[in-house]
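Trainee: Below is one structure. I have some questions about it.
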Amino acid sequence: MNRVLRLAEIAGDTEAVDMPAGAPPQINPEHLRMVEALLFAASEPLSAESLSGSLPEGADIAALLSELQQLYEGRGVSLSQVAGKWQFRTAPDLAFLLRKEKPEQRRLSRAAIETLAIVAYHQPVTRAEIEDIRGVALSKGTIDVLMEVGWVKIRGRKRTPGRPVTYGTTEAFLLQFGLESVSHLPGMDELRAAGFLEAVPPSGFDIPSPSDELAPDEDPYEPGDDLTDEAPDPIS
Amino acid sequence: MNRVLRLAEIAGDTEAVDMPAGAPPQINPEHLRMVEALLFAASEPLSAESLSGSLPEGADIAALLSELQQLYEGRGVSLSQVAGKWQFRTAPDLAFLLRKEKPEQRRLSRAAIETLAIVAYHQPVTRAEIEDIRGVALSKGTIDVLMEVGWVKIRGRKRTPGRPVTYGTTEAFLLQFGLESVSHLPGMDELRAAGFLEAVPPSGFDIPSPSDELAPDEDPYEPGDDLTDEAPDPIS
Amino acid sequence: MSEMEDNFGAVEAVLVRPEEAFVVTVDGFEGPLDLLLALARDQKVDLAKISILRLADQYLEFVESARRRNLELAADYLVMAAWLAYLKSRLLLPQPPSLDGEPTALELAARLRWRLQRLEAMREAAARLMARDRLGREVFARGDPEPVTVVKLRTHTDTIYDLLSAYSAQRLKRVRGNTYRPPHAPVLLIEEARARLERMLGRIGNWSGLVSLLPADWSYGAKRRSALASTLLACLELARDGRIEIRQLKAFDEVYVKDRAGPAAPEVAA
């Protein structure tokens with residue numbers, strides 16, 4: 001009931017409806033309109049901070065966002081949290097309506113899709129580690145394709161002999177797949193618990209979790225570095 | 001009340017709320033969601049016909065649009081009709097949110113400040129007179145810049161062959177330079193006292209006393225006049 | 001432990017030799033591990049409980065049948081076959097007591113099992129990922145965003161001081177400019193005259209008059225005076241350098257120039 005009243009208040013005139021006593025955090029309807037307009041107008045997701053910057057001092061941005069999210073629940077457009085930011089997107093179940101003559105996106109090969117998943121779940125990960133998981137050499141173009149699409153980036157270098165570069169996913173990846181962060185990847189917890197995110201079979205080692213933070217044995221990537229992205233080949 | 005109930009129905013589950021008997025045109029909440037998503041994702045305004053084409057047979061598009069319009073009334077986003085087509089736009093009163101003001105400090109070029117000074121002291125003054133005083137042809141943009149900044153305006157036309165327009169300074173000019181009126185511009189003695197001129201200026205050197213009043217040989221400027229602001233070019 | 005790593009690492013290093021950057025797929029398999037995984041699925045048991053011995057047999061059989069069909073297998077498939085044959089033989093033999101860190105056959109088998117499970121887990125993860133609603137495919141952002149417009153708030157820093165000093169300086173300059181402006185005489189620089197003469201060397205006739213060497217458009221008025229002086233000085237410099245000879249019969253008389261490198265007298269230098 002409370003909910004409906006607040007909806008009415010937002011939709012119509014403010015005076016007419018009394019806020020029920022004991023209503024949860026006071027939502028300023030003007031602020032709500034502003035957040036709505038800002039998110040609606042933007043072509044990119046907006047962070048809570050950047051929204052704050054456009055709102056009057058003291059606006060409770062977290063409460064406003066959660067109110068707005070509720071307001072749009074079940075509607076044709078919904079407020080989603082992606083890459084730690086906020087964006088209005090059409091409801092997924094209406095895909096049939098909107099998926100029209102959209103130019104077919106470049107089809108990724110099976111190898112590229114697997115590699116993308118391995119980079120996403122295992123990041124930071126080196127080329128050698130990807131090859132170890134797949135049990136096959138990565139063909140030259142696979143990572144290039146993923147970098148070209150903008151989903152994978154070089155994030156650092158591993159502090160091991162040869163200092164191989166490490167790969168990770170980008171913000172564009174999170175936006176594309178509608179993920180709040182890499183720790184929200186589907187099935188992440190199960191994979192971690194089963195030890196499949198490790199380089200060796202689990203035997204009581206610490207279990208790493210993918211993160212955008214530099215790993216303890218990772219250095220930030222400096223573009224000035226030479227571009228060899230592999231450890232010296234032990235064979236050749 | 002009816003309105004609020006329908007809002008709740010759209011926002012939440014459909015079963016829970018009974019439509020009051022005798023409710024106006026039956027709005028199918030699924031259809032409403034579809035119209036909402038279509039309009040949101042469209043890159044240009046959509047006509048009722050083209051919306052119809054995407055909706056299931058028999059959807060009452062007029063009722064849906066009017067319902068959607070009511071739903072967004074007073075919100076941060078509104079459904080508006082332009083040239084017979086429909087689109088979501090941010091509420092006009094929130095336009096200020098979508099405008100960022102970026103302060104920028106500028107200085108006039110040497111030629112521009114010289115020209116400005118000549119206009120100020122010698123007004124009403126024609127382009128040819130400015131060129132004569134400066135001894136250099138005025139480059140095309142110089143007066144435009146001063147007019148754009150808002151410090152120089154066309155004030156009249158000189159009663160001479162070709163009726164060239166005359167320039168003068170504006171209110172904004174006085175504000176910028178802290179002058180009460182153009183007649184308060186310092187004269188020869190004051191310029192000398194302030195050290196801008198040497199004690200004994202060259203012979204034949206004089207400083208005019210400018211005025212806002214129309215000069216005896218000046219006609220007021222009528223915007224209806226043809227827009228040539230120059231005397232006919234004697235060469236071409 | 002570390003030796004087990006090394007041991008296994010060696011096999012893997014061969015499996016992923018970078019020079020085999022293009023992978024020959026065997027009946028659509030992406031490498032030996034992929035093939036093993038497909039064979040393991042045939043056993044229709046949980047991968048964790050898969051019989052490595054049976055898997056090795058299936059794999060070796062597959063390789064054998066490929067060979068019978070004259071299919072050329074990529075080297076890494078053969079390396080895997082050799083390794084599986086080795087593992088199989090060790091699994092069949094009675095387990096020797098573990099030598100100082102050397103992985104046992106059972107450990108090697110367990111590790112292979114784990115790698116198959118991990119690959120399958122990643123495959124499933126990839127499938128789940130690709131099944132998500134994707135932006136621009138299933139879900140859409142605002143089709144017609146209203147971008148933030150940046151309005152430049154210009155403020156001018158020009159002051160009354162700037163205005164008055166520009167005006168005074170400009171007026172003074174102009175007034176002075178009208179009273180005395182030193183006329184600019186045309187000047188042919190000595191360097192230019194010399195450069196010109198040097199270009200003419202070899203083409204100057206015997207004892208040409210200096211006046212005939214002046215540039216055509218410098219042959220009258222103030223320009224002639226400047227050109228004459230510069231050319232004379234340039235001639236003196238060239239004469240000093242021994243490249244021409246100069247002669248004048250008497251003061252104020254015509255000056256004559258002879259090209260020492262001229263075609264008429266090539267070996268005069270002596």
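Letters for chains follow the order of the structure tokens (A, B, ...), residue numbers begin at 1 for each chain, and ligand numbers begin at 1 in the order shown.
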Where does chain C meet chain B within 8 Å, residue by residue, with the nearest atom pair and distance in Å to one decimal for each, counting only C-alpha atoms, listed by chain and rising number, as a Markdown table?
Mentor:
| residue | atom | partner | partner_atom | distance |
| --- | --- | --- | --- | --- |
| C:Phe140 | CA | B:Ala41 | CA | 5.9 |
| C:Ala141 | CA | B:Ala41 | CA | 6.1 |
| C:Arg142 | CA | B:Ala41 | CA | 4.9 |
| C:Gly143 | CA | B:Ser43 | CA | 4.2 |
| C:Asp144 | CA | B:Ser43 | CA | 4.5 |
| C:Glu146 | CA | B:Leu98 | CA | 7.8 |
| C:Pro147 | CA | B:Leu98 | CA | 7.0 |
| C:Val148 | CA | B:Leu98 | CA | 4.5 |
| C:Thr149 | CA | B:Arg99 | CA | 4.9 |
| C:Val150 | CA | B:Lys100 | CA | 4.7 |
| C:Val151 | CA | B:Glu101 | CA | 4.7 |
| C:Lys152 | CA | B:Lys102 | CA | 4.8 |
| C:Leu153 | CA | B:Pro103 | CA | 4.4 |
| C:Arg154 | CA | B:Glu104 | CA | 4.8 |
| C:Thr155 | CA | B:Gln105 | CA | 4.9 |
| C:His156 | CA | B:Arg106 | CA | 4.8 |
| C:Thr157 | CA | B:Arg107 | CA | 5.6 |
| C:Asp158 | CA | B:Arg107 | CA | 5.7 |
| C:Thr159 | CA | B:Phe177 | CA | 5.9 |
| C:Ile160 | CA | B:Phe177 | CA | 5.1 |
| C:Asp162 | CA | B:Ile113 | CA | 7.6 |
| C:Leu163 | CA | B:Ala117 | CA | 5.8 |
| C:Leu164 | CA | B:Ala117 | CA | 7.1 |
| C:Ser165 | CA | B:Phe196 | CA | 5.9 |
| C:Ala166 | CA | B:Glu114 | CA | 5.5 |
| C:Tyr167 | CA | B:Ala117 | CA | 5.5 |
| C:Ser168 | CA | B:Phe196 | CA | 6.0 |
| C:Ala169 | CA | B:Phe196 | CA | 7.6 |
| C:Gln170 | CA | B:Glu114 | CA | 7.0 |
| C:Arg171 | CA | B:Arg134 | CA | 7.5 |
| C:Leu172 | CA | B:Pro202 | CA | 7.8 |
| C:Arg174 | CA | B:Arg134 | CA | 6.9 |
| C:Val175 | CA | B:Phe205 | CA | 7.0 |
| C:Arg176 | CA | B:Pro202 | CA | 7.4 |
Trainee: I need the residues in range 43-257 of chain C that are helix (DSSP H, G or I) according to DSSP; give them as a PyMOL selection string.
Mentor: chain C and resi 47-49+52-68+75-92+105-130+160-179+190-200+210-213+216-218+221-240
Trainee: Can you pull out every residue within 7 Å of range 77-85 of chain C, counting only C-alpha atoms, but drop anything in the same chain fewer than 2 positions away, and send it as a ChimeraX atom specification?
Mentor: /C:31-32,56,60,73-75,87-89
Trainee: Would you put the residues from that selection into a file with N, CA and C atoms, as an mmCIF file, in the first residue's frame?
Mentor:
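The resulting part22.cif:
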data_model
loop_
_atom_site.group_PDB
_atom_site.id
_atom_site.type_symbol
_atom_site.label_atom_id
_atom_site.label_comp_id
_atom_site.auth_asym_id
_atom_site.auth_seq_id
_atom_site.Cartn_x
_atom_site.Cartn_y
_atom_site.Cartn_z
ATOM 1 N N GLY C 31 42.288 -30.013 -30.079
ATOM 2 C CA GLY C 31 43.389 -30.494 -29.270
ATOM 3 C C GLY C 31 43.065 -31.786 -28.562
ATOM 4 N N PRO C 32 44.101 -32.448 -28.053
ATOM 5 C CA PRO C 32 43.947 -33.770 -27.448
ATOM 6 C C PRO C 32 43.059 -33.778 -26.215
ATOM 7 N N ALA C 56 42.310 -44.139 -21.714
ATOM 8 C CA ALA C 56 43.558 -44.264 -22.477
ATOM 9 C C ALA C 56 43.340 -45.234 -23.637
ATOM 10 N N LEU C 60 43.724 -44.354 -27.545
ATOM 11 C CA LEU C 60 44.694 -45.041 -28.400
ATOM 12 C C LEU C 60 43.978 -45.693 -29.585
ATOM 13 N N LEU C 73 47.590 -36.944 -38.075
ATOM 14 C CA LEU C 73 47.280 -36.331 -36.787
ATOM 15 C C LEU C 73 48.345 -35.309 -36.433
ATOM 16 N N ALA C 74 47.874 -34.195 -35.851
ATOM 17 C CA ALA C 74 48.831 -33.193 -35.397
ATOM 18 C C ALA C 74 49.706 -33.807 -34.312
ATOM 19 N N ALA C 75 50.914 -33.281 -34.211
ATOM 20 C CA ALA C 75 51.906 -33.874 -33.315
ATOM 21 C C ALA C 75 51.413 -33.966 -31.881
ATOM 22 N N LEU C 87 51.323 -43.989 -19.354
ATOM 23 C CA LEU C 87 50.527 -43.964 -18.122
ATOM 24 C C LEU C 87 49.803 -45.295 -17.936
ATOM 25 N N LYS C 88 49.280 -45.799 -19.045
ATOM 26 C CA LYS C 88 48.549 -47.065 -18.999
ATOM 27 C C LYS C 88 49.460 -48.185 -18.497
ATOM 28 N N SER C 89 50.677 -48.237 -19.049
ATOM 29 C CA SER C 89 51.589 -49.304 -18.646
ATOM 30 C C SER C 89 51.916 -49.192 -17.161
#
Trainee: When you count only C-alpha atoms, which of these residues is closest to chain B: A:Ser139, A:Thr169, A:Ser50, A:Ser183?
Mentor: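 Under the stated criterion, the closest residue is A:Ser50.
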Trainee: Can you tell me how far CA of Pro29 in chain B sits from CA of Ala59 in chain B, in Å to one decimal?
Mentor: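 That distance, rounded to one decimal, is 10.8 Å.
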